[in-house]
Protein chains: 2
Amino acid sequence: MRSNTIQAIDPWLAAALQAKIDGKTKPPGSLGRLEALALQLGQIQNTLTPRLTRPHILVCAGDHGAAKAGVSAYPQDVTWQMVENFLAGGAAINVLARQAGMALTVVDAGVNHDFGVRADLIDAKVAHGTANYLEGPAMDAAQRDAALAYGEKIARALADSGCNVLGFGEMGIGNTASASLITHCLTGMPLAACIGRGTGLDDAGLERKRMLLAQALPRYAGAHDDAPAVLAQFGGFEIAMLVGAMLAAAERRMLLLIDGFIVTSALLVAAGLSPAILDYCVFAHRSDEAGHAIQLDYLGAKPLLQLGMRLGEGTGAALAYPLVAAAAAFLDEMASFESAGVSNKA
Amino acid sequence: MRSNTIQAIDPWLAAALQAKIDGKTKPPGSLGRLEALALQLGQIQNTLTPRLTRPHILVCAGDHGAAKAGVSAYPQDVTWQMVENFLAGGAAINVLARQAGMALTVVDAGVNHDFGVRADLIDAKVAHGTANYLEGPAMDAAQRDAALAYGEKIARALADSGCNVLGFGEMGIGNTASASLITHCLTGMPLAACIGRGTGLDDAGLERKRMLLAQALPRYAGAHDDAPAVLAQFGGFEIAMLVGAMLAAAERRMLLLIDGFIVTSALLVAAGLSPAILDYCVFAHRSDEAGHAIQLDYLGAKPLLQLGMRLGEGTGAALAYPLVAAAAAFLDEMASFESAGVSNKA
């Protein structure tokens, strides 16, 4: 496993940033959470004048051996079909990333399909989907570490290109099941509470998913708080790759925009390896997928948006980005009481 | 008073719009409130292919006779100083409107200051501030109707210029007090519950504001549900002008982006005159100003954002606009299961 070099945020600039925020022509605190975002951003970048540059959404896609057992409302082929949709520009994340002015990077982390050589798809395929965790570990340690290393490499390359704000997204039929098992292990909350309808299971489908995951759980004999072991047992390659990308992104002091349930399951693993990563995270939205609230509570996270969404792909991250950009903009561009000649509070 | 020609939305297109939304490459309903926004927008524009054009924030500014009695934490001069700040581009709404790609129109509805001729300020001054409602009506019927007519004219000119989405904002030291009185009268909720800290009154200031407004209330002998009479008694010119602008904007089938407490008090008046206006409204955010929750509950409104803001100026509307734009974009740009060759739910 990698060594941890993520630095917790040093609060040395907090007072100066707060003074700058309070000097803006508005009643103190009246921009609410935008003010907290500006403070966090300044501290992440260690400056009174933070800038957001080359914002990106990173979408990792992978298939799940367990999908064939029937944990999803959609057939496994939808994973590669949706990757094609990403490449053609027609998926929700394409539209919402464009709308937010964010670039989109799509990664084949382990899709059960041969895409051939494609200019706009990063080939980081670990295997043609994970093994079925109903029968054994989803991946071995070498596969997990390869996925983590790919993720780190991709995030570092984005940092080198000038990107300092990275939203995370995923695609993989069956991956809410994987995220449920990871969430159960790492938060200690009851498995059933961590399992939701994913892409839209009906009551019978949800019951079946719960039954299957309850069967999968005892196949893991390791410690429930051993994040890398849990990842290997139940993870998807796309989840492991997101873990690696998150760790490297925080190491490079990027701002991390955390999407919904699956992305947050990757963050649980990353925070298990390196708790300081949380200083770099902005939680984009509260998903309607059942287990997301459990994750957010466990992390003490307050998401920016609550729009009843449950789509994944990074769509929540893309929708929240304009709020982060607005926070950076007000800190940079607003006049102060002094500069504008406005009388301050009596 | 004006005659009411706002048409309630006809649901004839709802089924076709919903079918278009459900055909997009995502699980049904998974874009949550964006889907409801897309449906509303299509119905407002009477088309399966709605477009947002020339989005604007309209900020109306006015002074309040009661401000001198001490209902605000800031001196009255801040109203004109903030208008100068708007014109110089340094206020929060300048930054956030720019960030959202919205144009900004600033109106002097009745500021107690002479700005002279200014290219970027609409001179719609009804008077140099309202009269003090602690002593008598804030404005007479002729002034109220002039303010309404100005607002209508401004919104119609924006519609004529191609704008079909209009966010509303305001500036006026003392105007949360005005909004509290209007909200009490038109919702029937207890006056004290409708009164908040505005720009940041301390406990003693809040107590004084409550005492003063309780004294102002019995000076009004009219019916509490007579919206235009309540507006004349307690309104600001900026609030009256927003009422007129809202009515004309809905008449022209624009989408109305409703900001916080003061803007929603204007909407209460507009809805009192023409309830169908609510079909055209998107509620941008839930302000931290105490009375806003009362207004939203009364209107059955669910705002898009809840960010602990209480700044006014239309800042909530500007922050919410990207979500509306995202709704229009997904409806327009996303591929369908059919067009993308993606397998639908089993």
# chains A, B, ... in the order shown; residues from 1 in each chain; ligands from 1
call {"tool": "select_by_dssp", "arguments": {"residues": "region 70-154 of chain A", "states": "alpha helix (DSSP H)", "output": "PyMOL selection string"}}
result
chain A and resi 77-88+92-100+141-154
call {"tool": "residues_around", "arguments": {"residues": "region 49-63 of chain B", "least_positions_apart": "4", "cutoff": "7 Å", "atoms": "only C-alpha atoms", "output": "PDB file with N, CA, C and O atoms, in the first residue's frame"}}
result
ATOM      1  N   LEU B  41     -40.609  24.259 -16.939  1.00  0.00           N
ATOM      2  CA  LEU B  41     -40.111  25.165 -17.972  1.00  0.00           C
ATOM      3  C   LEU B  41     -40.777  24.891 -19.319  1.00  0.00           C
ATOM      4  O   LEU B  41     -41.177  25.829 -20.033  1.00  0.00           O
ATOM      5  N   GLY B  42     -40.902  23.620 -19.663  1.00  0.00           N
ATOM      6  CA  GLY B  42     -41.565  23.267 -20.921  1.00  0.00           C
ATOM      7  C   GLY B  42     -43.011  23.741 -20.938  1.00  0.00           C
ATOM      8  O   GLY B  42     -43.520  24.222 -21.959  1.00  0.00           O
ATOM      9  N   GLN B  45     -43.207  27.553 -21.309  1.00  0.00           N
ATOM     10  CA  GLN B  45     -42.930  28.001 -22.672  1.00  0.00           C
ATOM     11  C   GLN B  45     -43.804  27.278 -23.697  1.00  0.00           C
ATOM     12  O   GLN B  45     -43.695  27.562 -24.896  1.00  0.00           O
ATOM     13  N   THR B  79     -28.270  52.414   1.546  1.00  0.00           N
ATOM     14  CA  THR B  79     -29.051  52.095   0.340  1.00  0.00           C
ATOM     15  C   THR B  79     -28.402  52.713  -0.897  1.00  0.00           C
ATOM     16  O   THR B  79     -28.113  52.014  -1.879  1.00  0.00           O
ATOM     17  N   MET B 102     -25.673  35.904 -15.988  1.00  0.00           N
ATOM     18  CA  MET B 102     -26.908  36.693 -16.023  1.00  0.00           C
ATOM     19  C   MET B 102     -26.571  38.177 -16.118  1.00  0.00           C
ATOM     20  O   MET B 102     -25.625  38.653 -15.476  1.00  0.00           O
ATOM     21  N   ALA B 103     -27.370  38.894 -16.872  1.00  0.00           N
ATOM     22  CA  ALA B 103     -27.229  40.344 -16.919  1.00  0.00           C
ATOM     23  C   ALA B 103     -27.910  40.941 -15.686  1.00  0.00           C
ATOM     24  O   ALA B 103     -28.773  40.311 -15.069  1.00  0.00           O
ATOM     25  N   LEU B 104     -27.502  42.151 -15.332  1.00  0.00           N
ATOM     26  CA  LEU B 104     -28.022  42.792 -14.127  1.00  0.00           C
ATOM     27  C   LEU B 104     -28.618  44.146 -14.508  1.00  0.00           C
ATOM     28  O   LEU B 104     -27.974  44.940 -15.183  1.00  0.00           O
ATOM     29  N   THR B 105     -29.861  44.359 -14.081  1.00  0.00           N
ATOM     30  CA  THR B 105     -30.511  45.643 -14.290  1.00  0.00           C
ATOM     31  C   THR B 105     -30.824  46.253 -12.926  1.00  0.00           C
ATOM     32  O   THR B 105     -31.461  45.609 -12.099  1.00  0.00           O
ATOM     33  N   VAL B 106     -30.341  47.466 -12.703  1.00  0.00           N
ATOM     34  CA  VAL B 106     -30.514  48.127 -11.408  1.00  0.00           C
ATOM     35  C   VAL B 106     -31.478  49.300 -11.579  1.00  0.00           C
ATOM     36  O   VAL B 106     -31.350  50.096 -12.511  1.00  0.00           O
ATOM     37  N   VAL B 107     -32.433  49.375 -10.657  1.00  0.00           N
ATOM     38  CA  VAL B 107     -33.484  50.381 -10.751  1.00  0.00           C
ATOM     39  C   VAL B 107     -33.538  51.211  -9.468  1.00  0.00           C
ATOM     40  O   VAL B 107     -33.569  50.657  -8.369  1.00  0.00           O
ATOM     41  N   ASP B 108     -33.557  52.517  -9.628  1.00  0.00           N
ATOM     42  CA  ASP B 108     -33.849  53.396  -8.501  1.00  0.00           C
ATOM     43  C   ASP B 108     -35.368  53.530  -8.420  1.00  0.00           C
ATOM     44  O   ASP B 108     -35.982  54.277  -9.170  1.00  0.00           O
ATOM     45  N   ALA B 109     -35.955  52.781  -7.490  1.00  0.00           N
ATOM     46  CA  ALA B 109     -37.411  52.799  -7.337  1.00  0.00           C
ATOM     47  C   ALA B 109     -37.854  53.909  -6.399  1.00  0.00           C
ATOM     48  O   ALA B 109     -39.028  54.305  -6.415  1.00  0.00           O
ATOM     49  N   GLY B 110     -36.911  54.381  -5.601  1.00  0.00           N
ATOM     50  CA  GLY B 110     -37.280  55.423  -4.644  1.00  0.00           C
ATOM     51  C   GLY B 110     -36.225  55.598  -3.566  1.00  0.00           C
ATOM     52  O   GLY B 110     -36.534  55.633  -2.374  1.00  0.00           O
ATOM     53  N   VAL B 111     -34.990  55.730  -4.018  1.00  0.00           N
ATOM     54  CA  VAL B 111     -33.888  55.904  -3.072  1.00  0.00           C
ATOM     55  C   VAL B 111     -33.832  57.373  -2.639  1.00  0.00           C
ATOM     56  O   VAL B 111     -34.096  58.279  -3.435  1.00  0.00           O
ATOM     57  N   ASN B 112     -33.490  57.591  -1.392  1.00  0.00           N
ATOM     58  CA  ASN B 112     -33.415  58.935  -0.825  1.00  0.00           C
ATOM     59  C   ASN B 112     -32.068  59.573  -1.150  1.00  0.00           C
ATOM     60  O   ASN B 112     -31.278  59.902  -0.252  1.00  0.00           O
ATOM     61  N   GLY B 129     -37.782  58.027  -1.045  1.00  0.00           N
ATOM     62  CA  GLY B 129     -38.122  57.141   0.068  1.00  0.00           C
ATOM     63  C   GLY B 129     -39.596  57.223   0.405  1.00  0.00           C
ATOM     64  O   GLY B 129     -40.276  58.208   0.073  1.00  0.00           O
ATOM     65  N   THR B 130     -40.099  56.184   1.044  1.00  0.00           N
ATOM     66  CA  THR B 130     -41.503  56.157   1.467  1.00  0.00           C
ATOM     67  C   THR B 130     -41.683  57.023   2.714  1.00  0.00           C
ATOM     68  O   THR B 130     -40.719  57.403   3.373  1.00  0.00           O
ATOM     69  N   GLY B 162     -35.857  39.958 -25.376  1.00  0.00           N
ATOM     70  CA  GLY B 162     -35.547  38.539 -25.557  1.00  0.00           C
ATOM     71  C   GLY B 162     -35.285  37.779 -24.267  1.00  0.00           C
ATOM     72  O   GLY B 162     -34.968  36.592 -24.299  1.00  0.00           O
ATOM     73  N   CYS B 163     -35.418  38.456 -23.145  1.00  0.00           N
ATOM     74  CA  CYS B 163     -35.213  37.804 -21.850  1.00  0.00           C
ATOM     75  C   CYS B 163     -36.439  36.973 -21.490  1.00  0.00           C
ATOM     76  O   CYS B 163     -37.563  37.480 -21.522  1.00  0.00           O
ATOM     77  N   ASN B 164     -36.240  35.690 -21.157  1.00  0.00           N
ATOM     78  CA  ASN B 164     -37.388  34.888 -20.724  1.00  0.00           C
ATOM     79  C   ASN B 164     -37.196  34.241 -19.356  1.00  0.00           C
ATOM     80  O   ASN B 164     -37.973  33.368 -18.959  1.00  0.00           O
ATOM     81  N   VAL B 165     -36.161  34.665 -18.640  1.00  0.00           N
ATOM     82  CA  VAL B 165     -35.987  34.195 -17.258  1.00  0.00           C
ATOM     83  C   VAL B 165     -35.479  35.365 -16.428  1.00  0.00           C
ATOM     84  O   VAL B 165     -34.447  35.972 -16.735  1.00  0.00           O
ATOM     85  N   LEU B 166     -36.251  35.685 -15.389  1.00  0.00           N
ATOM     86  CA  LEU B 166     -35.987  36.919 -14.646  1.00  0.00           C
ATOM     87  C   LEU B 166     -35.897  36.615 -13.153  1.00  0.00           C
ATOM     88  O   LEU B 166     -36.847  36.113 -12.548  1.00  0.00           O
ATOM     89  N   GLY B 167     -34.724  36.920 -12.600  1.00  0.00           N
ATOM     90  CA  GLY B 167     -34.532  36.811 -11.157  1.00  0.00           C
ATOM     91  C   GLY B 167     -34.755  38.169 -10.519  1.00  0.00           C
ATOM     92  O   GLY B 167     -34.443  39.197 -11.103  1.00  0.00           O
ATOM     93  N   PHE B 168     -35.306  38.164  -9.306  1.00  0.00           N
ATOM     94  CA  PHE B 168     -35.678  39.411  -8.645  1.00  0.00           C
ATOM     95  C   PHE B 168     -34.817  39.641  -7.415  1.00  0.00           C
ATOM     96  O   PHE B 168     -34.590  38.719  -6.625  1.00  0.00           O
ATOM     97  N   GLY B 169     -34.374  40.890  -7.273  1.00  0.00           N
ATOM     98  CA  GLY B 169     -33.581  41.246  -6.113  1.00  0.00           C
ATOM     99  C   GLY B 169     -33.927  42.647  -5.649  1.00  0.00           C
ATOM    100  O   GLY B 169     -34.661  43.375  -6.323  1.00  0.00           O
ATOM    101  N   GLU B 170     -33.421  43.018  -4.488  1.00  0.00           N
ATOM    102  CA  GLU B 170     -33.779  44.320  -3.915  1.00  0.00           C
ATOM    103  C   GLU B 170     -32.674  44.844  -3.009  1.00  0.00           C
ATOM    104  O   GLU B 170     -31.827  44.089  -2.551  1.00  0.00           O
ATOM    105  N   MET B 171     -32.740  46.128  -2.776  1.00  0.00           N
ATOM    106  CA  MET B 171     -31.854  46.787  -1.812  1.00  0.00           C
ATOM    107  C   MET B 171     -32.662  47.888  -1.165  1.00  0.00           C
ATOM    108  O   MET B 171     -33.320  48.665  -1.854  1.00  0.00           O
ATOM    109  N   GLY B 172     -32.635  47.954   0.153  1.00  0.00           N
ATOM    110  CA  GLY B 172     -33.337  49.039   0.831  1.00  0.00           C
ATOM    111  C   GLY B 172     -33.197  48.877   2.330  1.00  0.00           C
ATOM    112  O   GLY B 172     -33.790  47.956   2.897  1.00  0.00           O
ATOM    113  N   ILE B 173     -32.429  49.737   2.953  1.00  0.00           N
ATOM    114  CA  ILE B 173     -32.252  49.641   4.404  1.00  0.00           C
ATOM    115  C   ILE B 173     -33.631  49.779   5.061  1.00  0.00           C
ATOM    116  O   ILE B 173     -34.361  50.732   4.784  1.00  0.00           O
ATOM    117  N   GLY B 236     -42.415  49.116   0.515  1.00  0.00           N
ATOM    118  CA  GLY B 236     -41.412  50.013  -0.013  1.00  0.00           C
ATOM    119  C   GLY B 236     -41.707  50.196  -1.491  1.00  0.00           C
ATOM    120  O   GLY B 236     -42.421  49.394  -2.101  1.00  0.00           O
ATOM    121  N   PHE B 237     -41.121  51.243  -2.065  1.00  0.00           N
ATOM    122  CA  PHE B 237     -41.287  51.429  -3.513  1.00  0.00           C
ATOM    123  C   PHE B 237     -40.619  50.289  -4.281  1.00  0.00           C
ATOM    124  O   PHE B 237     -41.099  49.877  -5.336  1.00  0.00           O
ATOM    125  N   GLU B 238     -39.489  49.802  -3.732  1.00  0.00           N
ATOM    126  CA  GLU B 238     -38.814  48.690  -4.426  1.00  0.00           C
ATOM    127  C   GLU B 238     -39.675  47.434  -4.401  1.00  0.00           C
ATOM    128  O   GLU B 238     -39.685  46.663  -5.369  1.00  0.00           O
ATOM    129  N   LEU B 242     -41.270  45.595  -7.693  1.00  0.00           N
ATOM    130  CA  LEU B 242     -41.082  44.158  -7.941  1.00  0.00           C
ATOM    131  C   LEU B 242     -42.419  43.476  -8.197  1.00  0.00           C
ATOM    132  O   LEU B 242     -42.514  42.587  -9.053  1.00  0.00           O
ATOM    133  N   GLU B 313     -30.586  41.184  -2.470  1.00  0.00           N
ATOM    134  CA  GLU B 313     -29.990  41.660  -3.727  1.00  0.00           C
ATOM    135  C   GLU B 313     -30.286  40.744  -4.905  1.00  0.00           C
ATOM    136  O   GLU B 313     -29.854  41.018  -6.021  1.00  0.00           O
ATOM    137  N   GLY B 314     -30.958  39.609  -4.666  1.00  0.00           N
ATOM    138  CA  GLY B 314     -31.128  38.622  -5.722  1.00  0.00           C
ATOM    139  C   GLY B 314     -30.024  37.573  -5.730  1.00  0.00           C
ATOM    140  O   GLY B 314     -29.926  36.785  -6.675  1.00  0.00           O
ATOM    141  N   ALA B 328     -32.820  22.830 -18.202  1.00  0.00           N
ATOM    142  CA  ALA B 328     -33.091  23.072 -19.622  1.00  0.00           C
ATOM    143  C   ALA B 328     -32.099  22.302 -20.491  1.00  0.00           C
ATOM    144  O   ALA B 328     -32.464  21.731 -21.529  1.00  0.00           O
ATOM    145  N   ASP B 332     -32.710  19.265 -23.307  1.00  0.00           N
ATOM    146  CA  ASP B 332     -32.361  19.557 -24.697  1.00  0.00           C
ATOM    147  C   ASP B 332     -31.264  18.639 -25.231  1.00  0.00           C
ATOM    148  O   ASP B 332     -31.350  18.153 -26.355  1.00  0.00           O
TER     149      ASP B 332
END
call {"tool": "interface_residues", "arguments": {"of": "chain B", "to": "chain A", "cutoff": "7 Å", "atoms": "only C-alpha atoms", "output": "ChimeraX atom specification"}}
result
/B:25-27,30-33,73-75,78,81-82,85,90-92,95-96,99,199-200,305,307-311,319,323,326,329-330,333-335,340,342-346
call {"tool": "closest_residue", "arguments": {"among": "A:Arg156, A:Arg197, A:Arg219, A:His292", "to": "Leu247 (chain A)", "atoms": "only C-alpha atoms"}}
result
A:Arg156
call {"tool": "atom_distance", "arguments": {"atom1": "CA of Gly188 (chain A)", "atom2": "CA of Ala245 (chain A)"}}
result
24.9 Å
call {"tool": "select_by_dssp", "arguments": {"residues": "region 156-339 of chain B", "states": "strand (DSSP E)", "output": "MDAnalysis selection string"}}
result
chainID B and resid 165:171 255:258 281:283
call {"tool": "write_last_selection", "arguments": {"atoms": "all heavy atoms", "output": "JSON list (two decimals), in the first residue's frame"}}
result
[["chain", "number", "residue", "atom", "x", "y", "z"],
["B", 165, "VAL", "N", -36.16, 34.67, -18.64],
["B", 165, "VAL", "CA", -35.99, 34.19, -17.26],
["B", 165, "VAL", "C", -35.48, 35.36, -16.43],
["B", 165, "VAL", "O", -34.45, 35.97, -16.73],
["B", 165, "VAL", "CB", -35.08, 32.95, -17.17],
["B", 165, "VAL", "CG1", -33.78, 33.15, -17.93],
["B", 165, "VAL", "CG2", -34.79, 32.57, -15.73],
["B", 166, "LEU", "N", -36.25, 35.68, -15.39],
["B", 166, "LEU", "CA", -35.99, 36.92, -14.65],
["B", 166, "LEU", "C", -35.90, 36.62, -13.15],
["B", 166, "LEU", "O", -36.85, 36.11, -12.55],
["B", 166, "LEU", "CB", -37.12, 37.92, -14.92],
["B", 166, "LEU", "CG", -36.95, 39.34, -14.39],
["B", 166, "LEU", "CD1", -35.63, 39.95, -14.80],
["B", 166, "LEU", "CD2", -38.11, 40.23, -14.86],
["B", 167, "GLY", "N", -34.72, 36.92, -12.60],
["B", 167, "GLY", "CA", -34.53, 36.81, -11.16],
["B", 167, "GLY", "C", -34.75, 38.17, -10.52],
["B", 167, "GLY", "O", -34.44, 39.20, -11.10],
["B", 168, "PHE", "N", -35.31, 38.16, -9.31],
["B", 168, "PHE", "CA", -35.68, 39.41, -8.65],
["B", 168, "PHE", "C", -34.82, 39.64, -7.41],
["B", 168, "PHE", "O", -34.59, 38.72, -6.63],
["B", 168, "PHE", "CB", -37.15, 39.37, -8.25],
["B", 168, "PHE", "CG", -38.07, 39.23, -9.43],
["B", 168, "PHE", "CD1", -38.44, 37.98, -9.90],
["B", 168, "PHE", "CD2", -38.51, 40.35, -10.10],
["B", 168, "PHE", "CE1", -39.26, 37.85, -11.01],
["B", 168, "PHE", "CE2", -39.33, 40.23, -11.21],
["B", 168, "PHE", "CZ", -39.71, 38.97, -11.67],
["B", 169, "GLY", "N", -34.37, 40.89, -7.27],
["B", 169, "GLY", "CA", -33.58, 41.25, -6.11],
["B", 169, "GLY", "C", -33.93, 42.65, -5.65],
["B", 169, "GLY", "O", -34.66, 43.37, -6.32],
["B", 170, "GLU", "N", -33.42, 43.02, -4.49],
["B", 170, "GLU", "CA", -33.78, 44.32, -3.91],
["B", 170, "GLU", "C", -32.67, 44.84, -3.01],
["B", 170, "GLU", "O", -31.83, 44.09, -2.55],
["B", 170, "GLU", "CB", -35.08, 44.24, -3.13],
["B", 170, "GLU", "CG", -35.21, 43.02, -2.24],
["B", 170, "GLU", "CD", -34.10, 42.81, -1.25],
["B", 170, "GLU", "OE1", -33.79, 43.79, -0.52],
["B", 170, "GLU", "OE2", -33.55, 41.70, -1.18],
["B", 171, "MET", "N", -32.74, 46.13, -2.78],
["B", 171, "MET", "CA", -31.85, 46.79, -1.81],
["B", 171, "MET", "C", -32.66, 47.89, -1.16],
["B", 171, "MET", "O", -33.32, 48.67, -1.85],
["B", 171, "MET", "CB", -30.65, 47.38, -2.54],
["B", 171, "MET", "CG", -29.70, 48.13, -1.62],
["B", 171, "MET", "SD", -28.84, 46.97, -0.52],
["B", 171, "MET", "CE", -28.80, 47.92, 1.00],
["B", 255, "LEU", "N", -40.01, 32.82, -16.92],
["B", 255, "LEU", "CA", -39.81, 32.07, -15.68],
["B", 255, "LEU", "C", -39.32, 33.07, -14.63],
["B", 255, "LEU", "O", -38.39, 33.85, -14.87],
["B", 255, "LEU", "CB", -38.81, 30.95, -15.90],
["B", 255, "LEU", "CG", -38.55, 30.05, -14.68],
["B", 255, "LEU", "CD1", -38.36, 28.61, -15.13],
["B", 255, "LEU", "CD2", -37.34, 30.52, -13.91],
["B", 256, "LEU", "N", -39.95, 33.06, -13.45],
["B", 256, "LEU", "CA", -39.62, 34.01, -12.39],
["B", 256, "LEU", "C", -38.78, 33.31, -11.32],
["B", 256, "LEU", "O", -39.23, 32.33, -10.72],
["B", 256, "LEU", "CB", -40.90, 34.54, -11.73],
["B", 256, "LEU", "CG", -41.71, 35.62, -12.43],
["B", 256, "LEU", "CD1", -42.11, 35.25, -13.84],
["B", 256, "LEU", "CD2", -42.94, 36.00, -11.61],
["B", 257, "LEU", "N", -37.59, 33.82, -11.10],
["B", 257, "LEU", "CA", -36.73, 33.26, -10.06],
["B", 257, "LEU", "C", -36.89, 34.10, -8.79],
["B", 257, "LEU", "O", -36.46, 35.26, -8.74],
["B", 257, "LEU", "CB", -35.27, 33.31, -10.51],
["B", 257, "LEU", "CG", -34.67, 32.02, -11.05],
["B", 257, "LEU", "CD1", -33.27, 32.30, -11.60],
["B", 257, "LEU", "CD2", -34.62, 30.94, -9.99],
["B", 258, "ILE", "N", -37.49, 33.49, -7.78],
["B", 258, "ILE", "CA", -37.83, 34.22, -6.55],
["B", 258, "ILE", "C", -36.69, 34.07, -5.54],
["B", 258, "ILE", "O", -36.28, 32.95, -5.22],
["B", 258, "ILE", "CB", -39.14, 33.65, -5.95],
["B", 258, "ILE", "CG1", -40.25, 33.70, -7.01],
["B", 258, "ILE", "CG2", -39.54, 34.42, -4.71],
["B", 258, "ILE", "CD1", -40.56, 35.06, -7.57],
["B", 281, "CYS", "N", -43.26, 30.55, -11.09],
["B", 281, "CYS", "CA", -42.20, 30.84, -10.12],
["B", 281, "CYS", "C", -41.32, 29.62, -9.83],
["B", 281, "CYS", "O", -41.82, 28.51, -9.67],
["B", 281, "CYS", "CB", -42.82, 31.29, -8.80],
["B", 281, "CYS", "SG", -43.62, 32.90, -8.93],
["B", 282, "VAL", "N", -40.03, 29.86, -9.74],
["B", 282, "VAL", "CA", -39.09, 28.90, -9.17],
["B", 282, "VAL", "C", -38.52, 29.57, -7.92],
["B", 282, "VAL", "O", -38.05, 30.71, -7.98],
["B", 282, "VAL", "CB", -37.97, 28.56, -10.16],
["B", 282, "VAL", "CG1", -36.84, 27.80, -9.47],
["B", 282, "VAL", "CG2", -38.52, 27.75, -11.32],
["B", 283, "PHE", "N", -38.59, 28.89, -6.80],
["B", 283, "PHE", "CA", -38.10, 29.44, -5.54],
["B", 283, "PHE", "C", -36.63, 29.08, -5.38],
["B", 283, "PHE", "O", -36.27, 27.91, -5.30],
["B", 283, "PHE", "CB", -38.95, 28.94, -4.37],
["B", 283, "PHE", "CG", -40.34, 29.52, -4.43],
["B", 283, "PHE", "CD1", -41.33, 28.92, -5.22],
["B", 283, "PHE", "CD2", -40.64, 30.70, -3.77],
["B", 283, "PHE", "CE1", -42.60, 29.47, -5.31],
["B", 283, "PHE", "CE2", -41.91, 31.25, -3.87],
["B", 283, "PHE", "CZ", -42.89, 30.64, -4.64]]
call {"tool": "atom_distance", "arguments": {"atom1": "CA of Glu152 (chain A)", "atom2": "CA of Pro137 (chain A)"}}
result
22.7 Å
call {"tool": "residues_around", "arguments": {"residues": "region 230-233 of chain A", "least_positions_apart": "2", "cutoff": "6 Å", "atoms": "only C-alpha atoms", "output": "mmCIF file with N, CA, C and O atoms, in the first residue's frame"}}
result
data_model
loop_
_atom_site.group_PDB
_atom_site.id
_atom_site.type_symbol
_atom_site.label_atom_id
_atom_site.label_comp_id
_atom_site.auth_asym_id
_atom_site.auth_seq_id
_atom_site.Cartn_x
_atom_site.Cartn_y
_atom_site.Cartn_z
ATOM 1 N N PRO A 137 -13.306 -13.054 -3.006
ATOM 2 C CA PRO A 137 -12.976 -11.619 -3.081
ATOM 3 C C PRO A 137 -13.230 -11.073 -4.493
ATOM 4 O O PRO A 137 -13.000 -11.768 -5.489
ATOM 5 N N ALA A 138 -13.689 -9.835 -4.570
ATOM 6 C CA ALA A 138 -13.943 -9.211 -5.866
ATOM 7 C C ALA A 138 -12.651 -9.028 -6.649
ATOM 8 O O ALA A 138 -12.639 -9.132 -7.880
ATOM 9 N N MET A 139 -11.580 -8.779 -5.934
ATOM 10 C CA MET A 139 -10.277 -8.597 -6.609
ATOM 11 C C MET A 139 -9.190 -9.059 -5.640
ATOM 12 O O MET A 139 -9.409 -9.129 -4.423
ATOM 13 N N ARG A 144 -6.176 -4.670 -6.772
ATOM 14 C CA ARG A 144 -6.554 -3.475 -6.012
ATOM 15 C C ARG A 144 -5.453 -2.420 -6.093
ATOM 16 O O ARG A 144 -5.714 -1.252 -6.396
ATOM 17 N N ALA A 227 -9.720 -0.936 5.779
ATOM 18 C CA ALA A 227 -10.273 -0.346 4.552
ATOM 19 C C ALA A 227 -9.737 -0.997 3.273
ATOM 20 O O ALA A 227 -10.525 -1.337 2.385
ATOM 21 N N PRO A 228 -8.418 -1.188 3.135
ATOM 22 C CA PRO A 228 -7.960 -1.805 1.880
ATOM 23 C C PRO A 228 -8.441 -3.241 1.699
ATOM 24 O O PRO A 228 -8.728 -3.653 0.565
ATOM 25 N N GLY A 235 -15.097 -4.346 -3.405
ATOM 26 C CA GLY A 235 -15.012 -3.157 -4.252
ATOM 27 C C GLY A 235 -15.236 -3.449 -5.714
ATOM 28 O O GLY A 235 -15.206 -4.589 -6.174
#
call {"tool": "atom_distance", "arguments": {"atom1": "CA of Ala293 (chain B)", "atom2": "CA of Cys194 (chain B)"}}
result
9.1 Å
